[in-house]
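Asks: Mind looking over this structure? Questions follow.
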Number of protein chains: 2
Amino acid sequence: MMSKKKIILKHATSLFARQGFKGTAMAEVSKLSDAASGTIFYHFTSKEALLIAILEHVKAVIIRKFEIYQRAHQFENGFQMVEGAVTYYLQLAAEMPDEFLLLHRHFPYQLAEVNPECRRHLEEVYNCLVDIFENAINTGQADGSIGMLPARKTALILFSTVDGIVRFNTYKLYDAGTLYKELLACCSRILQSG
Amino acid sequence: MMSKKKIILKHATSLFARQGFKGTAMAEVSKLSDAASGTIFYHFTSKEALLIAILEHVKAVIIRKFEIYQRAHQFENGFQMVEGAVTYYLQLAAEMPDEFLLLHRHFPYQLAEVNPECRRHLEEVYNCLVDIFENAINTGQADGSIGMLPARKTALILFSTVDGIVRFNTYKLYDAGTLYKELLACCSRILQSG
DNA sequence: CTAAAAACTGACTGATCAATCAGTCAGTTT
DNA sequence: AAACTGACTGATTGATCAGTCAGTTTTTAG
């Protein structure tokens with residue numbers, strides 16, 4: 001049985017992601033969670049504290065999932081590691097739409113400017129994600145499957161591209177699935193050695 | 001002398017971009033514009049109508065600026081046209097931070113789901129921007145400076161990358177300037193012929 | 001069992017906000 | 001000089017919302 005605190009966290013994540021922070025009334029969260037409004041403030045000191053708790057949880061889930069993924073997969077070379085990372089990133093974004101939508105909204109970054117804890121959570125998520133690309137590039141440069149580009153900067157550009165495609169999907173401007181093949185082809189061209 | 005309506009539009013753009021739609025009180029707009037709250041509702045029927053008017057104006061400005069840019073520049077070949085488009089996009093985003101911030105927020109796309117006029121404005125902005133990349137790629141494929149990739153899809157991926165870099169800047173996660181050289185290098189690798 | 005602690009409830013409060021509307025006033029037309 | 005126009009004003013209103021609190025139920029520990 002899921003605790004009421006976790007139920008509240010789950011529904012608040014979904015509502016904040018879909019309707020925004022200011023656009024979500026605590027009464028909506030309490031209704032969806034089948035909890036009295038007072039219960040939310042019993043578990044979380046304020047609406048802002050609820051948002052921080054959500055971000056902390058999202059961070060923990062994403063970091064854990066990527067660690068599990070990395071341990072479970074073996075690649076022939078660094079280039080295939082990058083391809084794997086791109087594919088898994090798209091897959092994860094489809095699996096956790098609320099969490100990715102939340103990270104694509106502006107209000108967490110606005111709060112991060114005045115709240116160091118919030119800033120830390122967001123930085124850790126982004127570092128985790130960019131590190132995956134960077135590690136794969138470093139591996140590929142060591143085994144010769146990837147050309148000698150600046151690893152961190154190329155990782156940032158790659159991440160920016162993949163994340164942009166996910167955003168197209170979110171905003172319903174273009175379907176990510178139809179770009180998958182071309183996205184991998186672009187990665188291949190960017191990273192090719194020689 | 002700027003009309004009061006334009007002054008309101010200007011300050012509302014800035015406030016909506018920085019604080020969000022729900023996060024901005026009409027009283028703030030009226031204070032910054034040095035107008036009575038009633039004046040805003042005299043010119044715009046509602047807060048939502050004000051947002052639509054802002055998006056229409058942003059669309060008009062961006063489309064006009066890119067038309068002027070394209071007429072004023074001559075390129076040796078299609079590949080240099082792409083480089084020019086990337087450079088100009090980054091430059092424009094730095095010149096019009098409020099407008100780009102607004103387009104990077106989630107609420108215009110949320111409104112677009114229920115308001116066809118809003119959806120039209122946003123689509124026209126994105127079509128204008130992606131078309132610039134697509135035209136350049138088509139030109140390059142005709143003159144041999146760009147390889148035979150699917151033009152529209154490659155344009156979308158390129159746009160997604162460049163726009164992602166602008167977003168890094170907005171969210172203060174990474175400075176776009178330091179990625180400029182590597183960004184152009186990636187474009188070159190993606191588009192190279194042969 | 002009992003007593004204390006923890007979890008939970010929902011009516012209530014004060015603040016905030018979008019939108020309204022009766023009215024002012026400078027300028028134009030009849 | 002009378003009638004009219006349209007930009008502008010700001011006090012007011014009804015709705016909404018985050019957060020509180022006094023009290024109830026459930027769980028835990030001795």
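Going by the structure tokens order, chains are called A, B, ..., each with residues numbered from 1, while ligands are numbered from 1 in the order shown.
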Dump as CSV the rows for residues of chain C within 7 Å of chain A: closest atom pair and distance in Å with one decimal, only C-alpha atoms (C1' of nucleotides) counted, ordered by chain and rising residue number.
Replies:
residue,atom,partner,partner_atom,distance
C:DC8,C1',A:Thr39,CA,5.9
C:DT9,C1',A:Ala36,CA,5.9
C:DG10,C1',A:Ala36,CA,6.7
Asks: Just want the 12 Å neighbourhood of A:Ala155, counted on only C-alpha atoms (C1' of nucleotides), with same-chain residues fewer than 5 positions away dropped. Output as number ranges by chain.
Replies: A: 82, 85-86, 126-138, 149-150, 160-163, 187, 190-191; B: 161, 165, 179, 182-183, 186
Asks: Any idea which chain D residues end up within 8 Å of chain B if we count only C-alpha atoms (C1' of nucleotides), as a list in words please?
Replies: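 The complete set of qualifying residues is DC8, DT9 and DG10 of chain D.
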Asks: With N, CA and C atoms (P, O5', C5', C4', C3', O3' and C1' of nucleotides) retained, could you export that selection as a compact mmCIF listing (two decimals), in the first residue's frame?
Replies:
# COMPACT_ATOMS: atom_id res chain seq x y z
P DC D 8 -5.14 56.06 -24.07
O5' DC D 8 -5.73 56.29 -22.60
C5' DC D 8 -5.84 57.62 -22.09
C4' DC D 8 -6.62 57.60 -20.81
C3' DC D 8 -6.17 56.57 -19.75
O3' DC D 8 -5.49 57.24 -18.73
C1' DC D 8 -8.55 56.85 -19.84
P DT D 9 -4.85 56.46 -17.50
O5' DT D 9 -6.00 56.57 -16.43
C5' DT D 9 -6.44 57.86 -15.97
C4' DT D 9 -7.54 57.70 -14.96
C3' DT D 9 -7.20 56.76 -13.80
O3' DT D 9 -7.17 57.51 -12.60
C1' DT D 9 -9.40 56.36 -14.66
P DG D 10 -6.09 57.11 -11.49
O5' DG D 10 -7.00 56.40 -10.39
C5' DG D 10 -8.21 57.00 -9.98
C4' DG D 10 -9.11 55.95 -9.35
C3' DG D 10 -8.40 54.88 -8.50
O3' DG D 10 -9.30 54.50 -7.46
C1' DG D 10 -9.59 53.83 -10.16
Asks: Could you go through stretch 73-105 of chain A and tell me which residues DSSP, when run on the backbone, assigns to alpha helix (DSSP H), listing them as number ranges by chain?
Replies: A: 78-95, 97-104
Asks: I'd like to know which of A:Val125, A:Ala142, A:Leu92, A:Leu102 is closest to A:Arg18, using only C-alpha atoms.
Replies: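 Nearest candidate to A:Arg18 out of A:Val125, A:Ala142, A:Leu92, A:Leu102: A:Leu102.
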Asks: Using only C-alpha atoms (C1' of nucleotides), determine which residues lie at most 12 Å from D:DT12, disregarding the query and same-chain residues fewer than 5 positions distant; provide the list as number ranges by chain.
Replies: C: 19-22
Asks: Would you put the residues from that selection into a file with C-alpha atoms (C1' of nucleotides), as a CSV table (one decimal), in the first residue's frame?
Replies:
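The resulting part_21.csv:
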chain,number,residue,atom,x,y,z
C,19,DA,C1',-12.7,42.1,-14.6
C,20,DT,C1',-16.3,45.7,-14.3
C,21,DC,C1',-18.4,50.1,-14.5
C,22,DA,C1',-19.8,54.8,-13.6
Asks: Between A:Leu51, A:Lys31, A:Gln80, A:Ala25, which residue has the minimum interatomic distance to chain B, considering only C-alpha atoms?
Replies: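 Selected residue with least distance to chain B: A:Ala25.
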Asks: Go through B:Met2, B:Leu101, B:Leu32, B:Cys118 and flag the residue nearest chain A, using only C-alpha atoms for the distances.
Replies: B:Leu101
Asks: Which neighbours of stretch 23-28 of chain D fall inside 12 Å, counting only C-alpha atoms (C1' of nucleotides), when residues of the same chain fewer than 3 positions from it are skipped, and could you give them as a ChimeraX atom specification?
Replies: /C:2-11
Asks: Write a file of the just-selected residues containing N, CA and C atoms (P, O5', C5', C4', C3', O3' and C1' of nucleotides), as a PDB file, in the first residue's frame.
Replies:
ATOM      1  P    DT C   2      -8.606   0.721  28.907  1.00  0.00           P
ATOM      2  O5'  DT C   2      -7.152   1.359  28.942  1.00  0.00           O
ATOM      3  C5'  DT C   2      -6.291   1.236  30.090  1.00  0.00           C
ATOM      4  C4'  DT C   2      -5.049   2.060  29.826  1.00  0.00           C
ATOM      5  C3'  DT C   2      -5.354   3.497  29.403  1.00  0.00           C
ATOM      6  O3'  DT C   2      -4.488   4.377  30.090  1.00  0.00           O
ATOM      7  C1'  DT C   2      -3.984   2.448  27.761  1.00  0.00           C
ATOM      8  P    DA C   3      -4.942   5.839  30.348  1.00  0.00           P
ATOM      9  O5'  DA C   3      -3.612   6.591  29.885  1.00  0.00           O
ATOM     10  C5'  DA C   3      -2.343   5.944  30.037  1.00  0.00           C
ATOM     11  C4'  DA C   3      -1.385   6.451  28.981  1.00  0.00           C
ATOM     12  C3'  DA C   3      -1.642   7.904  28.545  1.00  0.00           C
ATOM     13  O3'  DA C   3      -0.401   8.551  28.434  1.00  0.00           O
ATOM     14  C1'  DA C   3      -1.664   6.495  26.654  1.00  0.00           C
ATOM     15  P    DA C   4      -0.305  10.109  28.446  1.00  0.00           P
ATOM     16  O5'  DA C   4       0.832  10.321  27.345  1.00  0.00           O
ATOM     17  C5'  DA C   4       1.853   9.320  27.189  1.00  0.00           C
ATOM     18  C4'  DA C   4       2.223   9.196  25.718  1.00  0.00           C
ATOM     19  C3'  DA C   4       2.345  10.531  24.973  1.00  0.00           C
ATOM     20  O3'  DA C   4       3.607  10.561  24.343  1.00  0.00           O
ATOM     21  C1'  DA C   4       0.994   9.004  23.738  1.00  0.00           C
ATOM     22  P    DA C   5       4.132  11.878  23.620  1.00  0.00           P
ATOM     23  O5'  DA C   5       4.209  11.426  22.094  1.00  0.00           O
ATOM     24  C5'  DA C   5       4.643  10.108  21.762  1.00  0.00           C
ATOM     25  C4'  DA C   5       4.246   9.799  20.330  1.00  0.00           C
ATOM     26  C3'  DA C   5       4.452  10.962  19.357  1.00  0.00           C
ATOM     27  O3'  DA C   5       5.143  10.461  18.230  1.00  0.00           O
ATOM     28  C1'  DA C   5       2.253  10.104  19.159  1.00  0.00           C
ATOM     29  P    DA C   6       5.728  11.441  17.093  1.00  0.00           P
ATOM     30  O5'  DA C   6       4.949  10.988  15.787  1.00  0.00           O
ATOM     31  C5'  DA C   6       4.637   9.605  15.596  1.00  0.00           C
ATOM     32  C4'  DA C   6       3.505   9.483  14.620  1.00  0.00           C
ATOM     33  C3'  DA C   6       3.572  10.469  13.453  1.00  0.00           C
ATOM     34  O3'  DA C   6       3.526   9.724  12.245  1.00  0.00           O
ATOM     35  C1'  DA C   6       1.404  10.466  14.430  1.00  0.00           C
ATOM     36  P    DA C   7       3.453  10.421  10.835  1.00  0.00           P
ATOM     37  O5'  DA C   7       1.899  10.358  10.473  1.00  0.00           O
ATOM     38  C5'  DA C   7       1.252   9.091  10.446  1.00  0.00           C
ATOM     39  C4'  DA C   7      -0.206   9.287  10.077  1.00  0.00           C
ATOM     40  C3'  DA C   7      -0.424  10.133   8.824  1.00  0.00           C
ATOM     41  O3'  DA C   7      -1.316   9.422   7.970  1.00  0.00           O
ATOM     42  C1'  DA C   7      -1.714  10.992  10.620  1.00  0.00           C
ATOM     43  P    DC C   8      -1.730  10.001   6.538  1.00  0.00           P
ATOM     44  O5'  DC C   8      -3.051  10.821   6.859  1.00  0.00           O
ATOM     45  C5'  DC C   8      -4.145  10.140   7.512  1.00  0.00           C
ATOM     46  C4'  DC C   8      -5.184  11.158   7.918  1.00  0.00           C
ATOM     47  C3'  DC C   8      -5.622  12.128   6.828  1.00  0.00           C
ATOM     48  O3'  DC C   8      -6.909  11.771   6.375  1.00  0.00           O
ATOM     49  C1'  DC C   8      -5.504  13.139   8.989  1.00  0.00           C
ATOM     50  P    DT C   9      -7.617  12.567   5.196  1.00  0.00           P
ATOM     51  O5'  DT C   9      -8.518  13.578   6.010  1.00  0.00           O
ATOM     52  C5'  DT C   9      -9.517  13.077   6.899  1.00  0.00           C
ATOM     53  C4'  DT C   9     -10.222  14.227   7.569  1.00  0.00           C
ATOM     54  C3'  DT C   9     -10.758  15.276   6.605  1.00  0.00           C
ATOM     55  O3'  DT C   9     -12.172  15.240   6.603  1.00  0.00           O
ATOM     56  C1'  DT C   9      -9.676  16.273   8.497  1.00  0.00           C
ATOM     57  P    DG C  10     -12.946  15.536   5.227  1.00  0.00           P
ATOM     58  O5'  DG C  10     -13.465  17.016   5.496  1.00  0.00           O
ATOM     59  C5'  DG C  10     -14.095  17.346   6.724  1.00  0.00           C
ATOM     60  C4'  DG C  10     -14.050  18.855   6.940  1.00  0.00           C
ATOM     61  C3'  DG C  10     -14.309  19.707   5.691  1.00  0.00           C
ATOM     62  O3'  DG C  10     -14.956  20.901   6.091  1.00  0.00           O
ATOM     63  C1'  DG C  10     -12.269  20.300   6.579  1.00  0.00           C
ATOM     64  P    DA C  11     -16.315  21.345   5.450  1.00  0.00           P
ATOM     65  O5'  DA C  11     -16.745  22.533   6.441  1.00  0.00           O
ATOM     66  C5'  DA C  11     -16.753  22.333   7.857  1.00  0.00           C
ATOM     67  C4'  DA C  11     -16.118  23.532   8.558  1.00  0.00           C
ATOM     68  C3'  DA C  11     -16.527  24.900   8.003  1.00  0.00           C
ATOM     69  O3'  DA C  11     -16.685  25.801   9.098  1.00  0.00           O
ATOM     70  C1'  DA C  11     -14.176  24.687   7.878  1.00  0.00           C
TER      71       DA C  11
END
Asks: If you measure from atom CA of A:Tyr88 to atom CA of A:Ala151, what distance in Å do you get, rounded to one decimal?
Replies: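 Atom CA of A:Ala151 lies 19.7 Å from atom CA of A:Tyr88.
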Asks: So how far away is atom CA of B:Glu124 from atom CA of B:Ala112, in Å?
Replies: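 Result for atom CA of B:Ala112 versus atom CA of B:Glu124: 12.3 Å, one decimal.
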Asks: Hey, can you check how far atom CA of B:Gly147 sits from atom CA of B:Gln192?
Replies: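 Atom-to-atom, atom CA of B:Gly147 to atom CA of B:Gln192, that is 5.6 Å.
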Asks: Any idea what's packed within 12 Å of A:Ala60, counting only C-alpha atoms (C1' of nucleotides), ignoring anything in its chain fewer than 6 positions away? Could you give it as a PyMOL selection string?
Replies: chain A and resi 53-54+66-67+99+121-122+124-125+128
Asks: With only C-alpha atoms (C1' of nucleotides) as the counted atoms, please give the residues lying no more than 12 Å from C:DG14, apart from itself and same-chain residues fewer than 2 positions off, as an mmCIF file with C-alpha atoms (C1' of nucleotides), in the first residue's frame.
Replies:
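As a result, out-v1.cif now contains:
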data_model
loop_
_atom_site.group_PDB
_atom_site.id
_atom_site.type_symbol
_atom_site.label_atom_id
_atom_site.label_comp_id
_atom_site.auth_asym_id
_atom_site.auth_seq_id
_atom_site.Cartn_x
_atom_site.Cartn_y
_atom_site.Cartn_z
ATOM 1 C "C1'" DC C 12 -12.224 29.031 7.997
ATOM 2 C "C1'" DT C 16 -4.806 38.523 -4.090
ATOM 3 C "C1'" DC D 17 -6.385 30.450 -3.307
ATOM 4 C "C1'" DA D 18 -2.452 29.244 0.130
ATOM 5 C "C1'" DG D 19 -2.125 28.324 4.504
ATOM 6 C "C1'" DT D 20 -4.087 27.598 9.564
#
